[in-house]
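Engineer: What follows is the file work_14.txt, containing compact mmCIF, C-alpha atoms and all ligand atoms:
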```
# COMPACT_ATOMS: atom_id res chain seq x y z
CA MET A 1 68.00 -10.21 54.87
CA THR A 2 71.68 -11.04 55.14
CA ILE A 3 73.41 -14.05 56.67
CA ARG A 4 76.75 -13.11 58.15
CA ALA A 5 79.23 -14.16 60.82
CA ALA A 6 78.40 -12.74 64.24
CA THR A 7 80.68 -10.24 65.95
CA GLU A 8 81.11 -9.13 69.56
CA GLU A 9 78.67 -6.30 68.88
CA ASP A 10 75.90 -8.83 68.26
CA VAL A 11 76.12 -10.35 71.72
CA ASP A 12 73.15 -8.52 73.31
CA ALA A 13 70.88 -8.85 70.28
CA THR A 14 71.59 -12.56 69.94
CA LEU A 15 71.07 -13.13 73.66
CA ASP A 16 67.74 -11.27 73.49
CA LEU A 17 66.63 -13.36 70.53
CA PHE A 18 67.75 -16.60 72.15
CA GLU A 19 65.98 -15.70 75.40
CA ALA A 20 62.74 -14.81 73.60
CA VAL A 21 62.69 -18.17 71.81
CA VAL A 22 63.65 -20.07 74.98
CA ASN A 23 60.78 -18.30 76.75
CA GLU A 24 58.35 -19.78 74.22
CA GLY A 25 59.02 -22.84 76.33
CA THR A 26 58.70 -25.66 73.83
CA TRP A 27 61.41 -25.59 71.18
CA MET A 28 64.84 -25.19 72.70
CA GLY A 29 67.06 -27.31 74.91
CA ALA A 30 67.62 -24.38 77.27
CA GLU A 31 64.76 -23.48 79.59
CA PRO A 32 63.47 -20.12 80.87
CA GLY A 33 65.75 -18.70 83.54
CA PHE A 34 68.93 -20.03 81.89
CA ASP A 35 72.19 -18.37 82.92
CA ARG A 36 72.50 -15.39 80.56
CA ASN A 37 76.01 -14.53 81.73
CA GLU A 38 77.27 -18.03 81.15
CA ARG A 39 75.71 -17.97 77.68
CA ARG A 40 77.25 -14.55 76.95
CA GLY A 41 80.69 -15.90 77.92
CA ARG A 42 80.26 -18.94 75.68
CA PHE A 43 79.12 -16.78 72.76
CA LEU A 44 82.09 -14.43 73.08
CA ALA A 45 84.57 -17.29 73.54
CA SER A 46 83.22 -19.07 70.48
CA LEU A 47 84.00 -16.04 68.30
CA THR A 48 87.70 -16.66 68.82
CA GLU A 49 87.57 -20.45 68.33
CA ASP A 50 88.60 -21.79 64.91
CA ARG A 51 86.25 -24.76 65.26
CA CYS A 52 83.17 -22.58 65.91
CA THR A 53 80.98 -20.40 63.74
CA GLN A 54 78.18 -18.13 64.87
CA LEU A 55 75.90 -16.93 62.10
CA VAL A 56 73.24 -14.26 62.35
CA ALA A 57 70.40 -13.33 60.02
CA MET A 58 70.07 -9.56 59.83
CA THR A 59 67.27 -7.55 58.22
CA ASP A 60 68.00 -4.60 55.95
CA GLY A 61 67.13 -2.44 58.97
CA GLY A 62 69.90 -4.06 61.05
CA GLU A 63 67.66 -6.22 63.26
CA ILE A 64 68.93 -9.68 64.17
CA VAL A 65 66.10 -12.12 63.53
CA GLY A 66 67.88 -15.45 63.39
CA MET A 67 70.98 -17.11 64.74
CA LEU A 68 72.83 -20.38 64.35
CA ASN A 69 75.81 -21.76 66.15
CA LEU A 70 78.06 -24.46 64.83
CA GLU A 71 80.85 -26.23 66.66
CA VAL A 72 83.07 -28.88 65.10
CA ALA A 73 84.08 -31.71 67.43
CA PRO A 74 87.66 -33.04 67.24
CA TYR A 75 86.33 -36.07 65.30
CA GLY A 76 84.95 -33.82 62.54
CA VAL A 77 81.22 -33.62 63.27
CA ALA A 78 79.68 -30.13 63.35
CA GLY A 79 76.92 -29.81 65.94
CA LEU A 80 74.40 -27.08 65.31
CA GLY A 81 71.72 -25.15 67.16
CA MET A 82 69.54 -22.36 65.82
CA CYS A 83 66.46 -20.21 66.20
CA VAL A 84 64.47 -17.59 64.32
CA ALA A 85 62.41 -14.79 65.88
CA ARG A 86 58.76 -15.79 66.06
CA VAL A 87 57.42 -13.07 63.78
CA TRP A 88 60.07 -13.84 61.17
CA ARG A 89 59.36 -17.55 60.82
CA ARG A 90 58.27 -19.20 57.59
CA ARG A 91 59.97 -16.57 55.46
CA GLY A 92 63.12 -18.46 54.56
CA VAL A 93 65.37 -17.22 57.37
CA GLY A 94 65.88 -20.70 58.85
CA GLY A 95 66.65 -22.20 55.46
CA ALA A 96 69.19 -19.48 54.67
CA LEU A 97 70.90 -20.09 58.03
CA VAL A 98 71.06 -23.86 57.44
CA GLU A 99 72.61 -23.27 54.01
CA GLY A 100 75.15 -20.96 55.64
CA ALA A 101 75.88 -23.64 58.22
CA VAL A 102 76.53 -26.28 55.57
CA ASP A 103 78.97 -23.93 53.81
CA ALA A 104 80.66 -23.09 57.11
CA ALA A 105 80.93 -26.77 58.09
CA ARG A 106 82.63 -27.57 54.80
CA ARG A 107 85.00 -24.62 55.26
CA LEU A 108 85.89 -25.86 58.73
CA GLY A 109 86.66 -29.30 57.32
CA ALA A 110 83.74 -31.12 58.96
CA HIS A 111 82.59 -34.34 57.31
CA LYS A 112 79.10 -34.23 58.82
CA LEU A 113 76.53 -32.00 60.52
CA SER A 114 74.56 -33.30 63.44
CA LEU A 115 71.78 -32.02 65.69
CA GLN A 116 69.06 -33.01 68.08
CA VAL A 117 65.47 -31.87 67.93
CA TRP A 118 62.39 -32.47 70.06
CA PRO A 119 59.98 -34.91 68.38
CA HIS A 120 57.13 -32.37 68.63
CA ASN A 121 59.11 -29.72 66.73
CA GLU A 122 57.50 -30.32 63.35
CA ALA A 123 58.82 -27.06 61.86
CA ALA A 124 62.45 -27.88 62.68
CA LEU A 125 62.12 -31.55 61.62
CA ARG A 126 60.79 -30.42 58.24
CA LEU A 127 63.32 -27.65 57.83
CA TYR A 128 66.24 -30.01 58.42
CA ALA A 129 64.76 -32.79 56.24
CA ARG A 130 64.29 -30.28 53.44
CA HIS A 131 68.01 -29.54 53.62
CA GLY A 132 69.04 -33.18 53.40
CA PHE A 133 69.27 -34.14 57.08
CA VAL A 134 68.03 -37.65 57.86
CA GLU A 135 66.83 -39.09 61.14
CA GLU A 136 69.51 -41.28 62.68
CA GLY A 137 67.76 -42.40 65.81
CA ARG A 138 65.93 -41.33 68.89
CA LEU A 139 67.20 -40.80 72.41
CA ARG A 140 64.38 -42.16 74.53
CA ARG A 141 63.39 -40.41 77.75
CA HIS A 142 66.79 -38.78 77.63
CA TYR A 143 66.46 -35.19 78.82
CA ARG A 144 65.15 -34.29 82.26
CA ARG A 145 63.18 -31.06 81.99
CA ARG A 146 62.82 -28.64 84.85
CA ASN A 147 59.22 -29.75 85.44
CA GLY A 148 60.49 -33.28 86.02
CA GLU A 149 59.37 -34.73 82.70
CA LEU A 150 61.69 -36.85 80.58
CA TRP A 151 61.72 -35.92 76.89
CA ASP A 152 62.87 -37.89 73.84
CA ALA A 153 65.12 -36.26 71.26
CA VAL A 154 65.42 -37.09 67.55
CA MET A 155 68.98 -37.22 66.24
CA MET A 156 69.47 -35.95 62.69
CA GLY A 157 72.57 -35.89 60.53
CA LEU A 158 73.79 -34.62 57.18
CA VAL A 159 76.84 -36.44 55.85
CA LEU A 160 79.06 -34.24 53.68
CA GLU A 161 81.65 -36.89 52.80
CA GLU A 162 80.02 -40.08 51.54
CA GLU A 163 83.16 -41.88 50.33
CA ASN A 164 86.36 -42.77 52.13
CA ALA A 165 89.37 -41.36 50.27
C1 LIG A 201 62.62 -24.25 63.08
C2 LIG A 201 62.84 -22.80 62.65
C3 LIG A 201 64.32 -22.46 62.85
C4 LIG A 201 62.50 -22.68 61.16
O1 LIG A 201 62.86 -21.38 60.73
P1 LIG A 201 62.06 -20.63 59.57
O2 LIG A 201 62.75 -19.36 59.30
O3 LIG A 201 60.62 -20.56 59.93
O4 LIG A 201 62.25 -21.65 58.37
P2 LIG A 201 62.01 -21.36 56.82
O5 LIG A 201 61.03 -20.26 56.62
O6 LIG A 201 63.33 -21.24 56.14
O7 LIG A 201 61.31 -22.72 56.40
C5 LIG A 201 61.95 -23.67 55.59
C6 LIG A 201 61.10 -24.92 55.52
O8 LIG A 201 61.01 -25.53 56.81
C7 LIG A 201 59.71 -26.12 56.96
N1 LIG A 201 58.96 -25.40 58.00
C8 LIG A 201 59.33 -24.27 58.65
N2 LIG A 201 58.38 -23.93 59.54
C9 LIG A 201 57.40 -24.86 59.44
C10 LIG A 201 56.18 -25.07 60.12
N3 LIG A 201 55.74 -24.23 61.07
N4 LIG A 201 55.44 -26.16 59.79
C11 LIG A 201 55.85 -27.00 58.83
N5 LIG A 201 57.01 -26.85 58.15
C12 LIG A 201 57.77 -25.80 58.46
C13 LIG A 201 59.02 -25.95 55.62
O9 LIG A 201 59.38 -27.08 54.83
C14 LIG A 201 59.66 -24.69 55.12
O10 LIG A 201 59.59 -24.53 53.76
P3 LIG A 201 58.26 -23.84 53.11
O11 LIG A 201 57.95 -22.61 53.92
O12 LIG A 201 58.67 -23.56 51.71
O13 LIG A 201 57.19 -24.89 53.23
C15 LIG A 201 61.92 -21.82 63.41
O14 LIG A 201 60.59 -22.31 63.35
C16 LIG A 201 62.30 -21.62 64.86
O15 LIG A 201 63.18 -20.82 65.18
N6 LIG A 201 61.63 -22.31 65.78
C17 LIG A 201 61.88 -22.16 67.22
C18 LIG A 201 63.29 -22.57 67.60
C19 LIG A 201 63.63 -23.95 67.10
O16 LIG A 201 62.79 -24.81 66.98
N7 LIG A 201 64.94 -24.15 66.83
C20 LIG A 201 65.43 -25.44 66.38
C21 LIG A 201 65.69 -26.31 67.56
S1 LIG A 201 66.28 -27.93 67.03
```
Can you give me the file's structure in the form of structure tokens?
Ligand SMILES: CC(C)(COP(=O)(O)OP(=O)(O)OC[C@H]1O[C@@H](n2cnc3c(N)ncnc32)[C@H](O)[C@@H]1OP(=O)(O)O)[C@@H](O)C(=O)NCCC(=O)NCCS

Structural biologist:
Amino acid sequence: MTIRAATEEDVDATLDLFEAVVNEGTWMGAEPGFDRNERRGRFLASLTEDRCTQLVAMTDGGEIVGMLNLEVAPYGVAGLGMCVARVWRRRGVGGALVEGAVDAARRLGAHKLSLQVWPHNEAALRLYARHGFVEEGRLRRHYRRRNGELWDAVMMGLVLEEENA
């Protein structure tokens, strides 16, 4: 398995992976029926943005089984989102992507990584904690889901620059 920067040629495979994980229904911010074209446009645009990195995890056979996107805000915080194909979970793909994201964030000059995760997403909470992220708070009844429910989100952060110069 290799972690590498995504290219234009990865657009369909990454969209397929993203859609499959979204269709699991419980882990992602996006919900089934999301606008694939809009997502495609954002993916392609991000490839040309200096403040963005898209990473993919590729098997030796060339299959894309994980993806992570990172975008550095003007104030230096890199927001990240990620997913791993269901059958490939618990084999180190997520961890390798997070390590790649930390390297990429440093390269892009970010002083911190930040993300949000659903409180029921035990796997993601543990993955991030294992890589040094700490819980920084909880957004209560923050996100309206399509079924009308309001969901909390846990905010997690990993500070890369602990001291002021
Ligand atoms: C969260 C996710 C990215 C983890 O990817 P992964 O490839 O399975 O992660 P890894 O195999 O590298 O696991 C690293 C560590 O994370 C934790 N972890 C991962 N899956 C776990 C699970 N199901 N239960 C408990 N801990 C888990 C463990 O500490 C694990 O280390 P270990 O296997 O040595 O115990 C993956 O489960 C996923 O894509 N889920 C659906 C999408 C999603 O939740 N995205 C994140 C939204 S915020």

Engineer: Residues around (84.8, -28.6, 55.9), cut-off 10 Å, counting all atoms listed in the file - what are they as a ChimeraX atom specification?

Structural biologist: /A:72,76-78,102-112,160-161

Engineer: Step by step, measure atom-to-atom distances between ligand LIG 201 (chain A) and each residue using all atoms listed in the file, keep those at most 6 Å, then write them as a ChimeraX atom specification.

Structural biologist: /A:27-28,82-84,89-95,116-117,122-124,126-127

Engineer: Please measure the separation of CA of Val154 (chain A) and CA of Ala13 (chain A), giving the value in Å to one decimal.

Structural biologist: 28.9 Å

Engineer: Looking at only C-alpha atoms, which of A:Leu113, A:Met156, A:Leu17, A:Val98 is the one that sits closest to Leu125 (chain A)?

Structural biologist: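 Among the listed residues, the smallest separation from Leu125 (chain A) belongs to A:Met156.
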
Engineer: Residues within 8 Å of Ile3 (chain A), please, as a PyMOL selection string. Count only C-alpha atoms; anything in the same chain fewer than 4 positions from it doesn't count.

Structural biologist: chain A and resi 55-58+96-97+100

Engineer: Here's a test: counting all atoms listed in the file, identify every protein, DNA and RNA residue with an atom at most 10 Å from (84.4, -7.9, 67.9) in the file's coordinate frame, and state them as a list in words.

Structural biologist: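 Those residues, ordered by chain and then number, are Ala6, Thr7, Glu8, Glu9, Asp10, Val11, Leu44, Leu47 and Thr48 of chain A.
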
Engineer: Counting all atoms listed in the file, which residues of region 1-66 of chain A fall within 12 Å of region 141-153 of chain A, and what is the closest atom pair for each with its distance in Å at one decimal, ordered by chain and rising number, as CSV?

Structural biologist:
```
residue,atom,partner,partner_atom,distance
A:Gly25,CA,A:Arg145,CA,10.8
A:Thr26,CA,A:Arg145,CA,10.8
A:Trp27,CA,A:Ala153,CA,11.3
A:Met28,CA,A:Arg145,CA,11.1
A:Gly29,CA,A:Tyr143,CA,8.8
A:Ala30,CA,A:Arg145,CA,9.3
A:Glu31,CA,A:Arg146,CA,7.6
A:Pro32,CA,A:Arg146,CA,9.4
A:Gly33,CA,A:Arg146,CA,10.4
A:Phe34,CA,A:Arg146,CA,11.0
```

Engineer: If we count only C-alpha atoms, what is near Thr53 (chain A) at a cut-off of 8 Å, once residues fewer than 3 positions away on the same chain are taken out, given as an MDAnalysis selection string?

Structural biologist: chainID A and resid 5 46:47 50 69:71 104

Engineer: Using C-alpha atoms, can you write the selected residues to a file as a tab-separated table (two decimals), keeping the file's coordinate frame?

Structural biologist:
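Final output, saved to out00.tsv:
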```
chain	number	residue	atom	x	y	z
A	5	ALA	CA	79.23	-14.16	60.82
A	46	SER	CA	83.22	-19.07	70.48
A	47	LEU	CA	84.00	-16.04	68.30
A	50	ASP	CA	88.60	-21.79	64.91
A	69	ASN	CA	75.81	-21.76	66.15
A	70	LEU	CA	78.06	-24.46	64.83
A	71	GLU	CA	80.85	-26.23	66.66
A	104	ALA	CA	80.66	-23.09	57.11
```

Engineer: Rank nothing, just name the residue among A:Ala165, A:Leu15, A:Val134, A:Leu158 nearest to Glu99 (chain A), using all atoms listed in the file.

Structural biologist: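 Residue with the minimum atom-to-atom distance to Glu99 (chain A): A:Leu158.
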
Engineer: To one decimal place, how far is CA of Gln54 (chain A) from CA of Met67 (chain A) in Å?

Structural biologist: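 Answer for the CA of Gln54 (chain A) to CA of Met67 (chain A) separation: 7.3 Å.
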
Engineer: Just how far from CA of Val21 (chain A) is CA of Arg36 (chain A), in Å to one decimal?

Structural biologist: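 Taking CA of Arg36 (chain A) as the start and CA of Val21 (chain A) as the end point, the length is 13.4 Å.
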
Engineer: Would you kindly place N, CA, C and O atoms on region 19-41 of chain A and return the model as a PDB file, in the coordinates of the input?

Structural biologist:
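Writing done, so here's part_6.pdb:
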```pdb
ATOM      1  N   GLU A  19      66.831 -15.681  74.198  1.00  0.00           N
ATOM      2  CA  GLU A  19      65.980 -15.700  75.400  1.00  0.00           C
ATOM      3  C   GLU A  19      64.495 -15.686  75.016  1.00  0.00           C
ATOM      4  O   GLU A  19      63.684 -16.398  75.609  1.00  0.00           O
ATOM      5  N   ALA A  20      64.152 -14.880  74.018  1.00  0.00           N
ATOM      6  CA  ALA A  20      62.740 -14.810  73.600  1.00  0.00           C
ATOM      7  C   ALA A  20      62.266 -16.168  73.110  1.00  0.00           C
ATOM      8  O   ALA A  20      61.146 -16.607  73.428  1.00  0.00           O
ATOM      9  N   VAL A  21      63.107 -16.864  72.344  1.00  0.00           N
ATOM     10  CA  VAL A  21      62.690 -18.170  71.810  1.00  0.00           C
ATOM     11  C   VAL A  21      62.668 -19.211  72.947  1.00  0.00           C
ATOM     12  O   VAL A  21      61.737 -20.012  73.042  1.00  0.00           O
ATOM     13  N   VAL A  22      63.660 -19.150  73.816  1.00  0.00           N
ATOM     14  CA  VAL A  22      63.650 -20.070  74.980  1.00  0.00           C
ATOM     15  C   VAL A  22      62.371 -19.855  75.790  1.00  0.00           C
ATOM     16  O   VAL A  22      61.732 -20.809  76.235  1.00  0.00           O
ATOM     17  N   ASN A  23      61.966 -18.601  75.939  1.00  0.00           N
ATOM     18  CA  ASN A  23      60.780 -18.300  76.750  1.00  0.00           C
ATOM     19  C   ASN A  23      59.478 -18.770  76.109  1.00  0.00           C
ATOM     20  O   ASN A  23      58.443 -18.819  76.773  1.00  0.00           O
ATOM     21  N   GLU A  24      59.537 -19.140  74.823  1.00  0.00           N
ATOM     22  CA  GLU A  24      58.350 -19.780  74.220  1.00  0.00           C
ATOM     23  C   GLU A  24      58.101 -21.133  74.894  1.00  0.00           C
ATOM     24  O   GLU A  24      56.988 -21.657  74.844  1.00  0.00           O
ATOM     25  N   GLY A  25      59.182 -21.703  75.434  1.00  0.00           N
ATOM     26  CA  GLY A  25      59.020 -22.840  76.330  1.00  0.00           C
ATOM     27  C   GLY A  25      59.017 -24.221  75.716  1.00  0.00           C
ATOM     28  O   GLY A  25      59.152 -25.209  76.442  1.00  0.00           O
ATOM     29  N   THR A  26      58.906 -24.328  74.398  1.00  0.00           N
ATOM     30  CA  THR A  26      58.700 -25.660  73.830  1.00  0.00           C
ATOM     31  C   THR A  26      59.725 -26.105  72.791  1.00  0.00           C
ATOM     32  O   THR A  26      59.681 -27.252  72.361  1.00  0.00           O
ATOM     33  N   TRP A  27      60.586 -25.224  72.336  1.00  0.00           N
ATOM     34  CA  TRP A  27      61.410 -25.590  71.180  1.00  0.00           C
ATOM     35  C   TRP A  27      62.865 -25.871  71.520  1.00  0.00           C
ATOM     36  O   TRP A  27      63.513 -26.667  70.832  1.00  0.00           O
ATOM     37  N   MET A  28      63.403 -25.178  72.505  1.00  0.00           N
ATOM     38  CA  MET A  28      64.840 -25.190  72.700  1.00  0.00           C
ATOM     39  C   MET A  28      65.244 -26.164  73.811  1.00  0.00           C
ATOM     40  O   MET A  28      64.434 -26.564  74.638  1.00  0.00           O
ATOM     41  N   GLY A  29      66.540 -26.494  73.822  1.00  0.00           N
ATOM     42  CA  GLY A  29      67.060 -27.310  74.910  1.00  0.00           C
ATOM     43  C   GLY A  29      67.119 -26.510  76.204  1.00  0.00           C
ATOM     44  O   GLY A  29      66.755 -26.987  77.275  1.00  0.00           O
ATOM     45  N   ALA A  30      67.558 -25.249  76.083  1.00  0.00           N
ATOM     46  CA  ALA A  30      67.620 -24.380  77.270  1.00  0.00           C
ATOM     47  C   ALA A  30      66.199 -24.074  77.747  1.00  0.00           C
ATOM     48  O   ALA A  30      65.250 -24.103  76.958  1.00  0.00           O
ATOM     49  N   GLU A  31      66.085 -23.771  79.025  1.00  0.00           N
ATOM     50  CA  GLU A  31      64.760 -23.480  79.590  1.00  0.00           C
ATOM     51  C   GLU A  31      64.753 -22.065  80.179  1.00  0.00           C
ATOM     52  O   GLU A  31      65.805 -21.494  80.474  1.00  0.00           O
ATOM     53  N   PRO A  32      63.556 -21.486  80.315  1.00  0.00           N
ATOM     54  CA  PRO A  32      63.470 -20.120  80.870  1.00  0.00           C
ATOM     55  C   PRO A  32      64.250 -20.018  82.179  1.00  0.00           C
ATOM     56  O   PRO A  32      64.242 -20.953  82.991  1.00  0.00           O
ATOM     57  N   GLY A  33      64.947 -18.889  82.333  1.00  0.00           N
ATOM     58  CA  GLY A  33      65.750 -18.700  83.540  1.00  0.00           C
ATOM     59  C   GLY A  33      67.174 -19.203  83.366  1.00  0.00           C
ATOM     60  O   GLY A  33      67.937 -19.259  84.329  1.00  0.00           O
ATOM     61  N   PHE A  34      67.548 -19.560  82.130  1.00  0.00           N
ATOM     62  CA  PHE A  34      68.930 -20.030  81.890  1.00  0.00           C
ATOM     63  C   PHE A  34      69.914 -18.917  82.278  1.00  0.00           C
ATOM     64  O   PHE A  34      69.530 -17.745  82.381  1.00  0.00           O
ATOM     65  N   ASP A  35      71.159 -19.317  82.456  1.00  0.00           N
ATOM     66  CA  ASP A  35      72.190 -18.370  82.920  1.00  0.00           C
ATOM     67  C   ASP A  35      72.681 -17.514  81.750  1.00  0.00           C
ATOM     68  O   ASP A  35      73.473 -17.958  80.920  1.00  0.00           O
ATOM     69  N   ARG A  36      72.185 -16.279  81.682  1.00  0.00           N
ATOM     70  CA  ARG A  36      72.500 -15.390  80.560  1.00  0.00           C
ATOM     71  C   ARG A  36      73.997 -15.041  80.516  1.00  0.00           C
ATOM     72  O   ARG A  36      74.596 -14.971  79.449  1.00  0.00           O
ATOM     73  N   ASN A  37      74.587 -14.872  81.697  1.00  0.00           N
ATOM     74  CA  ASN A  37      76.010 -14.530  81.730  1.00  0.00           C
ATOM     75  C   ASN A  37      76.889 -15.658  81.207  1.00  0.00           C
ATOM     76  O   ASN A  37      77.856 -15.437  80.494  1.00  0.00           O
ATOM     77  N   GLU A  38      76.505 -16.861  81.604  1.00  0.00           N
ATOM     78  CA  GLU A  38      77.270 -18.030  81.150  1.00  0.00           C
ATOM     79  C   GLU A  38      77.159 -18.135  79.630  1.00  0.00           C
ATOM     80  O   GLU A  38      78.127 -18.379  78.925  1.00  0.00           O
ATOM     81  N   ARG A  39      75.970 -17.899  79.125  1.00  0.00           N
ATOM     82  CA  ARG A  39      75.710 -17.970  77.680  1.00  0.00           C
ATOM     83  C   ARG A  39      76.488 -16.864  76.943  1.00  0.00           C
ATOM     84  O   ARG A  39      77.046 -17.071  75.877  1.00  0.00           O
ATOM     85  N   ARG A  40      76.492 -15.683  77.534  1.00  0.00           N
ATOM     86  CA  ARG A  40      77.250 -14.550  76.950  1.00  0.00           C
ATOM     87  C   ARG A  40      78.730 -14.919  76.828  1.00  0.00           C
ATOM     88  O   ARG A  40      79.366 -14.701  75.804  1.00  0.00           O
ATOM     89  N   GLY A  41      79.273 -15.511  77.906  1.00  0.00           N
ATOM     90  CA  GLY A  41      80.690 -15.900  77.920  1.00  0.00           C
ATOM     91  C   GLY A  41      80.971 -16.932  76.832  1.00  0.00           C
ATOM     92  O   GLY A  41      81.975 -16.844  76.112  1.00  0.00           O
TER      93      GLY A  41
END
```
